[in-house]
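Visitor: Sharing structure27.cif (mmCIF, C-alpha atoms and all ligand atoms) below.
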```
data_target
loop_
_atom_site.label_atom_id
_atom_site.label_comp_id
_atom_site.auth_asym_id
_atom_site.auth_seq_id
_atom_site.Cartn_x
_atom_site.Cartn_y
_atom_site.Cartn_z
CA MET A 1027 35.62 -27.81 -2.25
CA THR A 1028 34.37 -26.67 -5.63
CA THR A 1029 33.42 -23.30 -7.09
CA LEU A 1030 30.33 -23.32 -9.31
CA VAL A 1031 30.90 -20.93 -12.23
CA THR A 1032 27.71 -20.15 -14.13
CA GLY A 1033 28.32 -18.71 -17.60
CA GLY A 1034 31.85 -20.11 -17.46
CA ALA A 1035 31.98 -20.42 -21.25
CA GLY A 1036 31.22 -16.72 -21.75
CA TYR A 1037 33.71 -13.91 -22.28
CA VAL A 1038 34.58 -12.87 -18.72
CA GLY A 1039 33.54 -16.25 -17.27
CA SER A 1040 35.96 -18.27 -19.42
CA HIS A 1041 38.91 -16.03 -18.52
CA CYS A 1042 37.89 -16.35 -14.88
CA VAL A 1043 38.01 -20.16 -15.16
CA VAL A 1044 41.65 -19.86 -16.29
CA ALA A 1045 42.45 -17.60 -13.32
CA LEU A 1046 40.67 -19.95 -10.89
CA HIS A 1047 42.61 -22.90 -12.24
CA ALA A 1048 45.88 -20.98 -11.87
CA ALA A 1049 44.92 -20.28 -8.25
CA GLY A 1050 44.44 -24.03 -7.64
CA ARG A 1051 40.64 -23.99 -7.38
CA ASP A 1052 38.34 -26.85 -8.42
CA VAL A 1053 35.64 -25.61 -10.75
CA VAL A 1054 32.41 -26.84 -12.29
CA ILE A 1055 30.95 -24.80 -15.13
CA LEU A 1056 27.21 -24.40 -15.71
CA ASP A 1057 26.40 -22.85 -19.09
CA ASP A 1058 23.44 -23.12 -21.46
CA PHE A 1059 25.57 -22.05 -24.47
CA SER A 1060 22.91 -19.56 -25.54
CA ASN A 1061 25.62 -16.94 -26.10
CA ALA A 1062 28.82 -18.99 -26.00
CA LYS A 1063 30.45 -21.50 -28.29
CA ARG A 1064 31.17 -25.06 -27.19
CA SER A 1065 34.69 -24.71 -28.57
CA VAL A 1066 35.44 -22.32 -25.68
CA VAL A 1067 35.38 -25.39 -23.43
CA ASP A 1068 37.97 -27.13 -25.66
CA ALA A 1069 40.16 -24.01 -25.47
CA LEU A 1070 39.80 -23.96 -21.68
CA ARG A 1071 40.71 -27.66 -21.41
CA SER A 1072 43.77 -27.20 -23.57
CA LEU A 1073 44.88 -24.01 -21.76
CA THR A 1074 44.46 -25.45 -18.27
CA GLY A 1075 45.55 -28.99 -19.20
CA CYS A 1076 42.65 -30.23 -17.14
CA GLN A 1077 39.42 -32.11 -17.89
CA LEU A 1078 37.06 -29.40 -16.68
CA ASP A 1079 33.61 -30.47 -15.58
CA VAL A 1080 30.93 -28.74 -17.63
CA VAL A 1081 27.17 -29.10 -17.17
CA GLU A 1082 24.92 -27.81 -19.94
CA GLY A 1083 21.85 -26.18 -18.46
CA ASP A 1084 19.95 -23.11 -17.38
CA ALA A 1085 21.15 -21.33 -14.24
CA SER A 1086 17.55 -20.60 -13.20
CA ASP A 1087 16.51 -24.26 -13.35
CA ARG A 1088 16.21 -25.52 -9.78
CA ILE A 1089 16.43 -29.20 -10.81
CA THR A 1090 19.73 -28.61 -12.62
CA ILE A 1091 21.06 -26.67 -9.63
CA ALA A 1092 19.96 -29.39 -7.17
CA ARG A 1093 21.72 -32.02 -9.29
CA LEU A 1094 24.92 -29.95 -9.27
CA PHE A 1095 24.82 -29.63 -5.48
CA GLY A 1096 24.16 -33.39 -5.27
CA THR A 1097 27.25 -34.17 -7.34
CA TYR A 1098 29.79 -31.56 -6.20
CA ASP A 1099 30.85 -30.21 -2.83
CA ILE A 1100 30.10 -26.59 -3.79
CA ASP A 1101 31.20 -23.98 -1.24
CA SER A 1102 31.18 -20.90 -3.49
CA ILE A 1103 29.38 -19.60 -6.57
CA ILE A 1104 30.50 -17.10 -9.20
CA HIS A 1105 27.44 -16.13 -11.23
CA PHE A 1106 28.18 -14.77 -14.71
CA ALA A 1107 25.32 -16.31 -16.70
CA ALA A 1108 23.14 -13.39 -17.83
CA TYR A 1109 21.94 -11.48 -20.86
CA LYS A 1110 24.04 -8.33 -21.23
CA SER A 1111 22.96 -6.08 -24.07
CA VAL A 1112 21.52 -2.69 -23.15
CA PRO A 1113 19.57 -2.10 -26.42
CA GLU A 1114 18.27 -5.68 -26.48
CA SER A 1115 17.02 -5.22 -22.91
CA VAL A 1116 15.09 -2.12 -23.96
CA ALA A 1117 13.44 -4.08 -26.79
CA GLU A 1118 12.73 -7.23 -24.73
CA PRO A 1119 12.65 -6.19 -21.07
CA LEU A 1120 10.70 -9.14 -19.71
CA ARG A 1121 13.05 -11.67 -21.25
CA TYR A 1122 15.88 -9.85 -19.42
CA TYR A 1123 14.08 -9.72 -16.08
CA ARG A 1124 13.11 -13.38 -16.29
CA ASN A 1125 16.55 -14.65 -17.21
CA ASN A 1126 18.81 -12.44 -15.11
CA VAL A 1127 16.68 -12.14 -11.99
CA THR A 1128 15.31 -15.70 -11.75
CA SER A 1129 18.76 -17.27 -12.19
CA THR A 1130 20.12 -15.20 -9.30
CA LEU A 1131 17.07 -16.06 -7.20
CA SER A 1132 17.30 -19.81 -7.86
CA LEU A 1133 21.04 -19.87 -7.17
CA ALA A 1134 20.70 -17.77 -3.99
CA GLU A 1135 17.93 -20.06 -2.67
CA ALA A 1136 20.06 -23.15 -3.31
CA ALA A 1137 23.12 -21.42 -1.83
CA LEU A 1138 21.30 -20.69 1.43
CA GLU A 1139 19.83 -24.21 1.65
CA ARG A 1140 23.23 -25.79 1.04
CA GLY A 1141 25.32 -23.51 3.23
CA VAL A 1142 27.40 -21.88 0.48
CA SER A 1143 29.83 -19.49 2.15
CA ARG A 1144 30.46 -17.02 -0.67
CA PHE A 1145 28.50 -15.76 -3.68
CA VAL A 1146 30.28 -13.54 -6.22
CA LEU A 1147 28.05 -11.68 -8.67
CA SER A 1148 29.11 -10.44 -12.07
CA SER A 1149 27.61 -6.95 -11.96
CA SER A 1150 28.31 -3.84 -13.99
CA ALA A 1151 28.94 -0.12 -13.76
CA VAL A 1152 25.66 0.09 -15.69
CA VAL A 1153 23.93 0.03 -12.24
CA TYR A 1154 25.10 3.62 -11.61
CA GLY A 1155 23.29 5.24 -14.54
CA THR A 1156 24.24 8.84 -15.37
CA VAL A 1157 26.76 10.03 -12.82
CA ALA A 1158 27.47 13.66 -11.99
CA GLU A 1159 30.76 13.18 -10.14
CA LEU A 1160 33.86 11.35 -11.25
CA PRO A 1161 35.52 9.03 -10.45
CA ILE A 1162 32.58 6.77 -9.60
CA THR A 1163 32.62 5.34 -6.08
CA GLU A 1164 30.56 2.41 -4.81
CA GLU A 1165 28.70 4.70 -2.41
CA ILE A 1166 26.69 6.73 -4.90
CA ARG A 1167 23.01 6.01 -5.45
CA LEU A 1168 22.20 3.36 -8.01
CA LEU A 1169 19.92 4.71 -10.73
CA PRO A 1170 20.15 2.28 -13.64
CA GLU A 1171 18.52 3.58 -16.79
CA SER A 1172 17.94 0.43 -18.85
CA PRO A 1173 16.14 -2.83 -18.07
CA TYR A 1174 19.55 -4.53 -18.24
CA GLY A 1175 20.92 -2.16 -15.59
CA ALA A 1176 17.79 -2.68 -13.50
CA THR A 1177 18.25 -6.46 -13.58
CA LYS A 1178 21.80 -6.13 -12.25
CA HIS A 1179 20.57 -3.78 -9.54
CA MET A 1180 17.88 -6.32 -8.54
CA CYS A 1181 20.35 -9.21 -8.53
CA GLU A 1182 22.65 -7.22 -6.24
CA ARG A 1183 19.73 -6.49 -3.91
CA ILE A 1184 18.66 -10.16 -3.78
CA LEU A 1185 22.15 -11.13 -2.64
CA VAL A 1186 22.46 -8.31 -0.11
CA ASP A 1187 19.15 -9.37 1.46
CA ALA A 1188 20.03 -13.10 1.35
CA SER A 1189 23.38 -12.44 3.03
CA ALA A 1190 21.72 -10.38 5.76
CA VAL A 1191 19.86 -13.47 7.03
CA SER A 1192 22.45 -16.21 6.44
CA ASP A 1193 26.10 -17.17 6.79
CA MET A 1194 26.67 -16.53 3.08
CA GLN A 1195 28.73 -13.46 2.19
CA SER A 1196 28.13 -11.80 -1.17
CA VAL A 1197 30.58 -9.87 -3.31
CA LEU A 1198 29.14 -7.67 -6.06
CA LEU A 1199 31.69 -6.88 -8.75
CA ARG A 1200 30.84 -3.87 -10.90
CA TYR A 1201 32.85 -4.05 -14.09
CA PHE A 1202 33.73 -1.05 -16.18
CA ASN A 1203 34.65 -1.84 -19.82
CA PRO A 1204 36.22 -5.32 -20.22
CA VAL A 1205 38.68 -5.63 -23.11
CA GLY A 1206 41.35 -8.05 -24.38
CA GLY A 1207 41.94 -11.76 -24.04
CA HIS A 1208 44.32 -14.35 -22.62
CA SER A 1209 47.98 -13.56 -23.43
CA SER A 1210 48.37 -16.94 -25.19
CA GLY A 1211 46.06 -15.71 -27.98
CA ARG A 1212 44.01 -18.91 -27.56
CA LEU A 1213 41.10 -17.38 -25.65
CA GLY A 1214 39.32 -14.09 -26.23
CA GLU A 1215 35.88 -12.73 -26.94
CA SER A 1216 34.00 -15.05 -29.33
CA PRO A 1217 30.64 -13.34 -29.75
CA LEU A 1218 27.89 -15.17 -31.60
CA GLY A 1219 26.64 -11.99 -33.31
CA GLU A 1220 28.33 -8.90 -34.72
CA PRO A 1221 30.32 -7.04 -32.05
CA GLN A 1222 29.03 -3.59 -31.04
CA ASN A 1223 31.55 -2.51 -28.38
CA LEU A 1224 34.30 -0.09 -29.29
CA VAL A 1225 37.46 -2.20 -29.10
CA PRO A 1226 36.12 -5.23 -31.02
CA VAL A 1227 34.85 -2.87 -33.75
CA VAL A 1228 38.15 -0.93 -33.91
CA MET A 1229 40.09 -4.19 -34.20
CA GLN A 1230 37.83 -5.45 -36.99
CA VAL A 1231 38.58 -2.25 -38.92
CA ALA A 1232 42.33 -2.76 -38.31
CA ASN A 1233 42.00 -6.32 -39.62
CA GLY A 1234 40.13 -5.26 -42.77
CA MET A 1235 36.88 -6.91 -41.67
CA ARG A 1236 35.01 -3.59 -41.62
CA PRO A 1237 35.75 -0.60 -43.81
CA ARG A 1238 35.52 2.15 -41.18
CA LEU A 1239 34.77 2.89 -37.55
CA GLU A 1240 31.87 5.17 -36.70
CA ILE A 1241 32.77 7.38 -33.73
CA PHE A 1242 29.52 8.13 -31.93
CA GLY A 1243 29.94 11.86 -31.32
CA ASP A 1244 32.98 14.04 -30.73
CA ASP A 1245 31.13 17.06 -29.36
CA TYR A 1246 31.13 15.88 -25.73
CA ASP A 1247 32.52 18.15 -23.05
CA THR A 1248 35.80 16.18 -22.87
CA PRO A 1249 39.36 17.22 -23.88
CA ASP A 1250 39.13 15.81 -27.43
CA GLY A 1251 35.32 15.79 -27.64
CA SER A 1252 34.96 12.00 -27.73
CA ALA A 1253 33.49 9.95 -24.87
CA ILE A 1254 35.68 8.60 -22.07
CA ARG A 1255 35.56 5.11 -20.55
CA ASP A 1256 37.54 2.98 -18.10
CA TYR A 1257 38.79 -0.01 -20.15
CA VAL A 1258 40.02 -2.93 -18.05
CA HIS A 1259 41.85 -6.08 -19.15
CA VAL A 1260 39.64 -9.17 -18.96
CA MET A 1261 42.41 -11.15 -17.17
CA ASP A 1262 42.62 -8.42 -14.52
CA LEU A 1263 38.85 -8.75 -14.09
CA ALA A 1264 39.22 -12.52 -13.90
CA GLU A 1265 41.81 -12.19 -11.13
CA GLY A 1266 39.44 -9.82 -9.32
CA HIS A 1267 37.01 -12.74 -8.95
CA VAL A 1268 39.67 -14.95 -7.40
CA ALA A 1269 40.45 -12.12 -4.97
CA ALA A 1270 36.71 -11.80 -4.23
CA LEU A 1271 36.50 -15.49 -3.26
CA ASP A 1272 39.42 -15.21 -0.87
CA ALA A 1273 39.03 -11.73 0.61
CA ASP A 1274 38.28 -11.12 4.26
CA LEU A 1275 35.17 -8.93 4.16
CA GLY A 1276 35.47 -8.09 7.83
CA ARG A 1277 32.13 -7.16 9.35
CA HIS A 1278 30.40 -6.90 5.97
CA ARG A 1279 27.83 -9.51 5.02
CA SER A 1280 27.94 -8.21 1.44
CA ARG A 1281 30.13 -5.71 -0.33
CA ALA A 1282 30.21 -4.04 -3.76
CA PHE A 1283 33.47 -3.30 -5.57
CA ASN A 1284 34.30 -1.38 -8.73
CA LEU A 1285 36.64 -3.26 -11.05
CA GLY A 1286 38.33 -0.88 -13.46
CA THR A 1287 41.73 0.75 -13.84
CA GLY A 1288 40.75 4.18 -12.55
CA VAL A 1289 42.04 5.62 -15.84
CA GLY A 1290 39.70 7.24 -18.36
CA THR A 1291 40.50 6.89 -22.07
CA SER A 1292 38.72 8.67 -24.93
CA VAL A 1293 37.51 7.03 -28.14
CA HIS A 1294 40.12 8.98 -30.14
CA GLU A 1295 42.85 7.76 -27.76
CA VAL A 1296 41.71 4.15 -28.19
CA VAL A 1297 41.85 4.56 -31.98
CA ARG A 1298 45.38 6.03 -31.84
CA SER A 1299 46.67 3.30 -29.49
CA ALA A 1300 45.04 0.57 -31.58
CA SER A 1301 46.70 1.98 -34.68
CA GLU A 1302 50.13 1.87 -32.96
CA VAL A 1303 49.63 -1.64 -31.57
CA THR A 1304 48.37 -3.12 -34.85
CA GLN A 1305 50.51 -0.98 -37.15
CA ARG A 1306 47.37 -0.49 -39.27
CA ASN A 1307 45.46 2.59 -40.28
CA ILE A 1308 42.04 2.78 -38.66
CA ALA A 1309 39.69 4.80 -40.84
CA PHE A 1310 36.82 6.49 -39.05
CA ASP A 1311 33.90 8.86 -39.49
CA VAL A 1312 32.45 10.95 -36.73
CA VAL A 1313 28.68 10.42 -36.62
CA ALA A 1314 25.87 11.37 -34.23
CA ARG A 1315 26.02 10.42 -30.55
CA ARG A 1316 24.62 6.99 -29.68
CA PRO A 1317 21.42 7.44 -27.66
CA GLY A 1318 21.91 6.71 -23.97
CA ASP A 1319 25.72 7.09 -24.02
CA LEU A 1320 27.45 8.89 -21.16
CA ALA A 1321 30.16 11.49 -21.82
CA GLU A 1322 32.50 10.08 -19.19
CA SER A 1323 32.75 7.08 -16.91
CA TRP A 1324 35.69 5.86 -14.87
CA ALA A 1325 36.09 4.11 -11.58
CA ASP A 1326 37.44 4.86 -8.17
CA CYS A 1327 39.04 1.47 -7.47
CA SER A 1328 40.45 2.27 -4.04
CA ARG A 1329 38.00 0.01 -2.19
CA ALA A 1330 39.04 -3.03 -4.25
CA ALA A 1331 42.70 -2.14 -3.67
CA ALA A 1332 42.26 -1.83 0.09
CA GLU A 1333 39.83 -4.66 0.79
CA LEU A 1334 40.33 -7.19 -2.03
CA ARG A 1335 44.03 -6.36 -2.40
CA TRP A 1336 43.32 -6.29 -6.12
CA ARG A 1337 44.54 -3.78 -8.66
CA ALA A 1338 44.42 -3.87 -12.47
CA ARG A 1339 47.99 -4.53 -13.66
CA ARG A 1340 47.63 -4.46 -17.45
CA ASP A 1341 47.48 -1.20 -19.43
CA LEU A 1342 45.54 -0.25 -22.58
CA LYS A 1343 48.41 -1.29 -24.90
CA GLN A 1344 48.38 -4.79 -23.44
CA MET A 1345 44.58 -4.98 -23.67
CA LEU A 1346 44.74 -4.05 -27.35
CA ALA A 1347 47.75 -6.29 -28.09
CA ASP A 1348 46.04 -9.31 -26.51
CA HIS A 1349 42.77 -8.58 -28.32
CA TRP A 1350 44.68 -8.26 -31.61
CA ARG A 1351 46.64 -11.50 -31.11
CA PHE A 1352 43.40 -13.46 -30.63
CA LEU A 1353 41.64 -11.76 -33.55
CA ARG A 1354 44.58 -12.43 -35.94
CA SER A 1355 44.41 -16.16 -35.30
CA HIS A 1356 40.60 -16.36 -34.87
CA PRO A 1357 39.01 -13.67 -37.10
CA SER A 1358 35.51 -15.05 -36.44
CA GLY A 1359 36.18 -16.02 -32.86
CA LEU A 1360 36.60 -19.67 -31.86
CA PRO A 1361 34.97 -22.10 -34.35
C1 LIG A 1401 28.57 -0.88 -23.18
C2 LIG A 1401 27.27 -1.20 -22.51
C3 LIG A 1401 27.54 -1.62 -21.08
C4 LIG A 1401 28.56 -2.74 -21.02
C5 LIG A 1401 29.82 -2.31 -21.74
C6 LIG A 1401 30.88 -3.37 -21.80
C7 LIG A 1401 25.64 0.28 -23.59
C8 LIG A 1401 24.92 1.57 -23.50
N1 LIG A 1401 26.45 0.00 -22.56
O1 LIG A 1401 29.15 0.22 -22.49
O2 LIG A 1401 26.35 -2.05 -20.48
O3 LIG A 1401 28.86 -3.05 -19.69
O4 LIG A 1401 29.46 -1.97 -23.08
O5 LIG A 1401 30.47 -4.47 -22.53
O6 LIG A 1401 25.49 -0.50 -24.53
N2 LIG A 1401 31.76 3.75 -29.61
C9 LIG A 1401 31.96 4.33 -30.84
N3 LIG A 1401 31.80 3.55 -31.95
C10 LIG A 1401 31.46 2.22 -31.89
C11 LIG A 1401 31.27 1.64 -30.62
C12 LIG A 1401 31.43 2.43 -29.50
O7 LIG A 1401 32.25 5.51 -30.94
O8 LIG A 1401 31.31 1.58 -32.95
C13 LIG A 1401 31.95 4.58 -28.40
C14 LIG A 1401 30.70 4.66 -27.55
O9 LIG A 1401 29.91 5.74 -27.96
C15 LIG A 1401 31.29 4.85 -26.15
C16 LIG A 1401 32.64 4.11 -26.21
O10 LIG A 1401 32.93 3.96 -27.60
O11 LIG A 1401 31.54 6.19 -25.92
C17 LIG A 1401 32.58 2.74 -25.57
O12 LIG A 1401 31.47 2.04 -26.11
P1 LIG A 1401 31.18 0.52 -25.77
O13 LIG A 1401 32.40 -0.31 -25.97
O14 LIG A 1401 29.94 0.12 -26.50
O15 LIG A 1401 30.95 0.53 -24.18
P2 LIG A 1401 29.88 1.36 -23.29
O16 LIG A 1401 28.93 2.09 -24.12
O17 LIG A 1401 30.66 2.12 -22.27
#
```
Is it possible to give me this structure as structure tokens?
Ligand code: UD1
Guide:
Amino acid sequence: MTTLVTGGAGYVGSHCVVALHAAGRDVVILDDFSNAKRSVVDALRSLTGCQLDVVEGDASDRITIARLFGTYDIDSIIHFAAYKSVPESVAEPLRYYRNNVTSTLSLAEAALERGVSRFVLSSSAVVYGTVAELPITEEIRLLPESPYGATKHMCERILVDASAVSDMQSVLLRYFNPVGGHSSGRLGESPLGEPQNLVPVVMQVANGMRPRLEIFGDDYDTPDGSAIRDYVHVMDLAEGHVAALDADLGRHRSRAFNLGTGVGTSVHEVVRSASEVTQRNIAFDVVARRPGDLAESWADCSRAAAELRWRARRDLKQMLADHWRFLRSHPSGLP
């Protein structure tokens, strides 16, 4: 039995492939390499010591999917392949709807035809939108504010409805803020463009690749005025997917889970920790708030703990240390 991993060369997807291999699973990767480097596959082969099967193609292409099902005995799908930038989705909404929604639709159709038993979706806390009460539980109403968030909401809904009329169970994993890399330092985030997220930017400043960090606002109603997020180690996230494949969902046909640590950390706290971990000074300026940013976001992860028997085990220091180790040996990501 094989697990089809779409987007398996991407950031979270590649770390998930390592975790699946460690759990003894057979995997085939489908990736179009539109936002991933081919060298990620070499790193995965060397880390796992295994000749991973990789198919280059588009996850919405029904012919490619049919060929995969013809070649492999696929009983589960983990679907990562998607566009994931909020501002880009505002500028090019239709490109986001077409890519993210049609890939989920094509895969779900094939999954039902072929009797796939479990479909795990890479979703995001972005589906919640602005939240009044913290921590965020899976039960609150989903009010995504960007086209990107709307696509994830639609993908979740497609799978909920597909599972309601089939034997396929769906697991919707809503990530908070993924950070870090594999502890070997041989796999991490290798973005094709300039990073925009906080930790990659902070680490580039520590490594002398950028002169200063811009902190987007420190006049929020939080203890130190800077915004608070729930940063979670990418290997913990990866292990959450393995748990999602194996978990007994009981009477549920589909189930959503938050994957975070349940701990909120401010931007100033990240900067201080990064400075300790790297032993470098991290120069910063406080500038205006970034439009669309929330003051605070962190997860209630009790459902994942109870039902997936999954809990994040790695703390912020380890996230930053692992990110730093990879950056030191691969300043521009993998070649
Ligand atoms: C962003 C995405 C979200 C995605 C997540 C993880 C947006 C609005 N949201 O979330 O969809 O799931 O990344 O990839 O793009 N910050 C600075 N200076 C910087 C960069 C960030 O002060 O140079 C601050 C931000 O204002 C925010 C915090 O750091 O308060 C975290 O930012 P970021 O890493 O971009 O994550 P999110 O905005 O939470």
Visitor: Applying 7 Å and only C-alpha atoms, which residues near region 1154-1169 of chain A remain after dropping the ones on its own chain fewer than 4 positions away? List them as a CSV table (one decimal) with C-alpha atoms, in the coordinates of the input.
Guide:
```csv
chain,number,residue,atom,x,y,z
A,1282,ALA,CA,30.2,-4.0,-3.8
A,1283,PHE,CA,33.5,-3.3,-5.6
A,1284,ASN,CA,34.3,-1.4,-8.7
A,1320,LEU,CA,27.4,8.9,-21.2
A,1324,TRP,CA,35.7,5.9,-14.9
A,1325,ALA,CA,36.1,4.1,-11.6
A,1326,ASP,CA,37.4,4.9,-8.2
```
Visitor: Report, in Å with one decimal, the straight-line distance from atom C13 of ligand LIG 1401 (chain A) to CA of Ile1241 (chain A).
Guide: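 About the pair atom C13 of ligand LIG 1401 (chain A) and CA of Ile1241 (chain A): they are 6.1 Å apart.
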Visitor: How big is the axis-aligned box, and where does its centre sit, when it encloses all atoms of region 1127-1131 of chain A listed in the file and has 4 Å added on every side, reported in Å to one decimal as JSON?
Guide:
```
{"center_x": 17.7, "center_y": -14.7, "center_z": -9.7, "size_x": 12.8, "size_y": 13.1, "size_z": 13.0}
```
Visitor: Around ligand LIG 1401 (chain A), which protein and nucleic acid residues have at least one atom no more than 9 Å from it, if we count all atoms listed in the file? List them as a PyMOL selection string.
Guide: chain A and resi 1110-1113+1149-1153+1172+1174-1175+1201-1205+1221-1228+1239-1244+1252-1257+1292-1294+1296+1312-1313+1315-1323
Visitor: Distance table requested - region 1240-1339 of chain A against region 1187-1196 of chain A, cut-off 12 Å, only C-alpha atoms: one row per qualifying residue with the closest atom pair and its distance in Å to one decimal, ordered by chain and rising residue number, as CSV.
Guide:
```
residue,atom,partner,partner_atom,distance
A:His1267,CA,A:Ser1196,CA,11.8
A:Ala1270,CA,A:Ser1196,CA,9.1
A:Leu1271,CA,A:Ser1196,CA,9.4
A:Asp1272,CA,A:Gln1195,CA,11.3
A:Ala1273,CA,A:Gln1195,CA,10.6
A:Asp1274,CA,A:Gln1195,CA,10.0
A:Leu1275,CA,A:Gln1195,CA,8.1
A:Gly1276,CA,A:Gln1195,CA,10.3
A:Arg1277,CA,A:Gln1195,CA,10.1
A:His1278,CA,A:Gln1195,CA,7.8
A:Arg1279,CA,A:Gln1195,CA,4.9
A:Ser1280,CA,A:Ser1196,CA,4.4
A:Arg1281,CA,A:Ser1196,CA,6.5
A:Ala1282,CA,A:Ser1196,CA,8.4
A:Phe1283,CA,A:Ser1196,CA,11.0
```
Visitor: Point out the residue among A:Val1297, A:Ala1331, A:Leu1213, A:Leu1078 with the least atom-to-atom distance to Phe1352 (chain A), counting only C-alpha atoms.
Guide: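 Checking each of A:Val1297, A:Ala1331, A:Leu1213, A:Leu1078 against Phe1352 (chain A), counting only C-alpha atoms, the winner is A:Leu1213.
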Visitor: List every protein, DNA or RNA residue with an atom no more than 12 Å from (20.8, -21.4, -26.7) in the file's coordinates, counting all atoms listed in the file, and format the result as a list in words.
Guide: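 Protein and nucleic acid residues near the point are Asp1057, Asp1058, Phe1059, Ser1060, Asn1061, Ala1062, Lys1063, Arg1064, Glu1082, Gly1083, Asp1084, Tyr1109 and Leu1218 of chain A.
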Visitor: Between CA of Ala1332 (chain A) and CA of Thr1130 (chain A), what is the distance in Å, rounded to a tenth?
Guide: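 Separating CA of Ala1332 (chain A) from CA of Thr1130 (chain A) is a distance of 27.5 Å.
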Visitor: For the point (31.4, -16.2, -30.3) in file coordinates, what residues are within 9 Å, counting all atoms listed in the file? Give the answer as a VMD selection string?
Guide: chain A and resid 1036 to 1037 1061 to 1063 1066 1215 to 1219 1358 to 1361
Visitor: Measuring between only C-alpha atoms, which one of A:His1179, A:Arg1306, A:Arg1238, A:Arg1339 shows the shortest distance to Met1261 (chain A)?
Guide: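 Among the listed residues, A:Arg1339 lies closest to Met1261 (chain A).
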Visitor: To one decimal place, how far is CA of Ile1308 (chain A) from CA of Ser1209 (chain A) in Å?
Guide: 23.1 Å
Visitor: Would you mind telling me which residue in A:Leu1046, A:Val1146, A:Ala1330, A:Val1231 lies nearest to Ala1134 (chain A) when using only C-alpha atoms?
Guide: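 Of all the options, A:Val1146 lies closest to Ala1134 (chain A).
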